[in-house]
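What's in upload-v3.txt: compact mmCIF, C-alpha atoms
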```txt
# COMPACT_ATOMS: atom_id res chain seq x y z
CA MET A 1079 -9.90 -41.22 -121.97
CA LYS A 1080 -11.22 -44.32 -120.17
CA GLU A 1081 -13.93 -44.84 -122.81
CA SER A 1082 -11.33 -45.42 -125.56
CA ARG A 1083 -9.33 -48.15 -123.78
CA ASN A 1084 -11.19 -51.01 -125.42
CA LEU A 1085 -11.44 -49.46 -128.88
CA THR A 1086 -9.50 -50.83 -131.81
CA TYR A 1087 -6.84 -48.90 -133.66
CA ILE A 1088 -9.26 -48.17 -136.52
CA GLN A 1089 -11.97 -46.97 -134.13
CA LEU A 1090 -9.53 -44.57 -132.50
CA LEU A 1091 -8.61 -43.17 -135.92
CA THR A 1092 -12.28 -42.74 -136.75
CA ILE A 1093 -12.87 -40.78 -133.55
CA GLY A 1094 -10.08 -38.47 -134.63
CA ASN A 1095 -7.66 -39.13 -131.82
CA VAL A 1096 -4.73 -39.80 -134.16
CA ALA A 1097 -1.99 -39.37 -131.56
CA LEU A 1098 -3.55 -41.93 -129.21
CA ALA A 1099 -4.16 -44.29 -132.11
CA GLN A 1100 -0.54 -44.06 -133.22
CA ILE A 1101 0.73 -44.70 -129.69
CA TYR A 1102 -1.62 -47.66 -129.33
CA GLY A 1103 -0.57 -49.09 -132.69
CA PHE A 1104 3.12 -48.62 -131.89
CA ARG A 1105 2.74 -50.25 -128.46
CA MET A 1106 0.90 -53.24 -129.91
CA SER A 1107 3.55 -53.69 -132.62
CA LEU A 1108 6.25 -53.63 -129.91
CA TRP A 1109 4.41 -56.32 -127.94
CA ALA A 1110 4.10 -58.46 -131.07
CA GLU A 1111 7.79 -58.02 -131.94
CA HIS A 1112 9.23 -58.64 -128.48
CA LEU A 1113 6.80 -61.27 -127.18
CA GLY A 1114 6.07 -63.02 -130.46
CA LEU A 1115 2.32 -62.77 -129.90
CA LEU A 1116 -0.54 -60.47 -129.04
CA GLU A 1117 -3.07 -61.02 -126.28
CA ASP A 1118 -6.07 -58.89 -125.29
CA LEU A 1119 -4.48 -58.38 -121.87
CA LEU A 1120 -1.68 -56.35 -123.51
CA ARG A 1121 -4.13 -53.59 -124.43
CA ASP A 1122 -3.99 -52.31 -120.85
CA PRO A 1123 -0.29 -52.11 -119.90
CA GLU A 1124 -1.12 -50.16 -116.74
CA MET A 1125 -3.01 -53.11 -115.27
CA LEU A 1126 -1.27 -55.43 -112.80
CA GLU A 1127 -2.51 -58.46 -114.75
CA CYS A 1128 -0.69 -57.20 -117.85
CA VAL A 1129 2.54 -56.61 -115.94
CA LEU A 1130 2.37 -60.07 -114.37
CA ARG A 1131 1.68 -61.71 -117.76
CA VAL A 1132 4.59 -59.90 -119.45
CA ASN A 1133 6.90 -60.89 -116.58
CA GLU A 1134 5.69 -64.49 -116.89
CA MET A 1135 6.42 -64.55 -120.63
CA ALA A 1136 9.83 -62.91 -120.11
CA GLN A 1137 10.72 -65.52 -117.48
CA ALA A 1138 9.66 -68.34 -119.82
CA ASN A 1139 11.89 -66.81 -122.51
CA TRP A 1140 14.81 -66.67 -120.04
CA GLU A 1141 14.34 -70.34 -119.16
CA GLN A 1142 14.32 -71.23 -122.85
CA TYR A 1143 17.42 -69.05 -123.43
CA VAL A 1144 19.47 -70.78 -120.72
CA ALA A 1145 18.22 -74.32 -121.45
CA GLU A 1146 20.69 -76.98 -122.54
CA GLU A 1147 18.65 -77.74 -125.66
CA VAL A 1148 18.69 -74.96 -128.26
CA THR A 1149 15.20 -74.23 -129.59
CA ASP A 1150 13.67 -71.44 -131.66
CA MET A 1151 12.37 -68.70 -129.42
CA LYS A 1152 8.94 -67.23 -130.13
CA GLY A 1153 9.77 -63.95 -128.39
CA HIS A 1154 12.94 -62.25 -127.27
CA LEU A 1155 11.93 -60.18 -124.24
CA LEU A 1156 13.98 -61.41 -121.28
CA PRO A 1157 14.33 -60.25 -117.70
CA TYR A 1158 17.79 -58.91 -116.91
CA PRO A 1159 19.41 -61.70 -114.88
CA ILE A 1160 19.95 -59.87 -111.60
CA LYS A 1161 18.52 -60.06 -108.12
CA VAL A 1162 17.81 -56.78 -106.32
CA ASN A 1163 18.23 -57.18 -102.57
CA LEU A 1164 16.12 -55.39 -99.96
CA ASN A 1165 18.93 -52.88 -99.33
CA GLY A 1166 19.08 -52.01 -103.06
CA SER A 1167 22.28 -53.88 -103.81
CA ILE A 1168 22.31 -56.17 -106.84
CA GLU A 1169 23.84 -59.54 -107.58
CA SER A 1170 23.71 -61.91 -110.50
CA LEU A 1171 21.34 -64.85 -110.36
CA PRO A 1172 22.80 -68.01 -108.84
CA GLY A 1173 24.75 -69.87 -111.51
CA TYR A 1174 24.87 -66.93 -113.92
CA LYS A 1175 27.88 -64.66 -113.43
CA THR A 1176 28.14 -64.28 -117.21
CA PHE A 1177 25.68 -64.40 -120.09
CA PRO A 1178 25.33 -68.00 -121.33
CA ASP A 1179 25.85 -67.27 -125.02
CA MET A 1180 28.40 -64.43 -125.05
CA GLY A 1181 30.23 -64.76 -121.74
CA GLY A 1182 30.05 -61.07 -120.77
CA ASN A 1183 29.80 -60.28 -117.07
CA ILE A 1184 26.18 -59.75 -116.09
CA LEU A 1185 27.12 -57.13 -113.50
CA GLY A 1186 29.65 -55.51 -115.81
CA SER A 1187 33.11 -54.48 -114.72
CA SER A 1188 34.74 -51.41 -113.24
CA GLN A 1189 36.09 -48.78 -115.59
CA TYR A 1190 38.89 -46.99 -113.78
CA ASN A 1191 39.59 -44.59 -116.64
CA LEU A 1192 36.12 -42.95 -116.61
CA PRO A 1193 35.04 -40.34 -114.07
CA ASP A 1194 32.23 -41.50 -111.77
CA GLY A 1195 30.02 -38.67 -113.03
CA LEU A 1196 29.87 -40.32 -116.45
CA THR A 1197 28.84 -43.74 -115.17
CA THR A 1198 26.35 -42.97 -112.40
```
Just give me the structure as structure tokens.
Amino acid sequence: MKESRNLTYIQLLTIGNVALAQIYGFRMSLWAEHLGLLEDLLRDPEMLECVLRVNEMAQANWEQYVAEEVTDMKGHLLPYPIKVNLNGSIESLPGYKTFPDMGGNILGSSQYNLPDGLTT
């Protein structure tokens, strides 16, 4: 499996590993759609460098999303605007109790009419 990591979609098809080629092609199309670009680093999503790069791009998208000046966004992958504390509790980011464009509560709201088993 390791030998095929750097092969192109067409090379994978030629080898006959159609399932892997389809997954690779689908993953790359998702990266292109959500990030607005493709980089060689995205070929190896299991690598820490890839994770850090995707997080970096998502954070840049968030900063563009909350900026005062409205600009066209290249990608639309954003981090969910919460902070996870060491004890596992969550809170919204400072200054963002609601989503900037729609006003919905970032942490949601309690639903007293639903049994806990449905929401946990």
Which polymer residues have any atom within 12 Å of an atom of Tyr1143 of chain A, counting all atoms listed in the file, with same-chain residues fewer than 3 positions away left out, as a VMD selection string?
-> chain A and resid 1136 to 1140 1146 to 1157 1159 1177 to 1179
From atom CA of Asn1165 of chain A to atom CA of Gly1186 of chain A the spacing works out at 19.8 Å
Interatomic distance between atom CA of Leu1113 of chain A and atom CA of Glu1134 of chain A?
-> 10.8 Å
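With atom CA of Gln1142 of chain A on one side and atom CA of Arg1105 of chain A on the other, the separation reads 24.6 Å.
The environment of Leu1171 of chain A within 8 Å, counting all atoms listed in the file and disregarding residues fewer than 4 places along the same chain, consists of Pro1159, Ile1160, Lys1161 and Lys1175 of chain A.
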Writing out the chosen residues with C-alpha atoms as a PDB file, keeping the file's coordinate frame:
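New file result.pdb:
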```
ATOM      1  CA  PRO A1159      19.410 -61.700-114.880  1.00  0.00           C
ATOM      2  CA  ILE A1160      19.950 -59.870-111.600  1.00  0.00           C
ATOM      3  CA  LYS A1161      18.520 -60.060-108.120  1.00  0.00           C
ATOM      4  CA  LYS A1175      27.880 -64.660-113.430  1.00  0.00           C
TER       5      LYS A1175
END
```
Edge lengths and centre, in Å to one decimal, as AutoDock Vina command-line options: that's what I need for the box along x, y and z that holds all listed atoms of segment 1125-1143 of chain A plus 5 Å on each side.
```
--center_x 7.2 --center_y -62.2 --center_z -118.1 --size_x 30.4 --size_y 28.1 --size_z 20.6
```
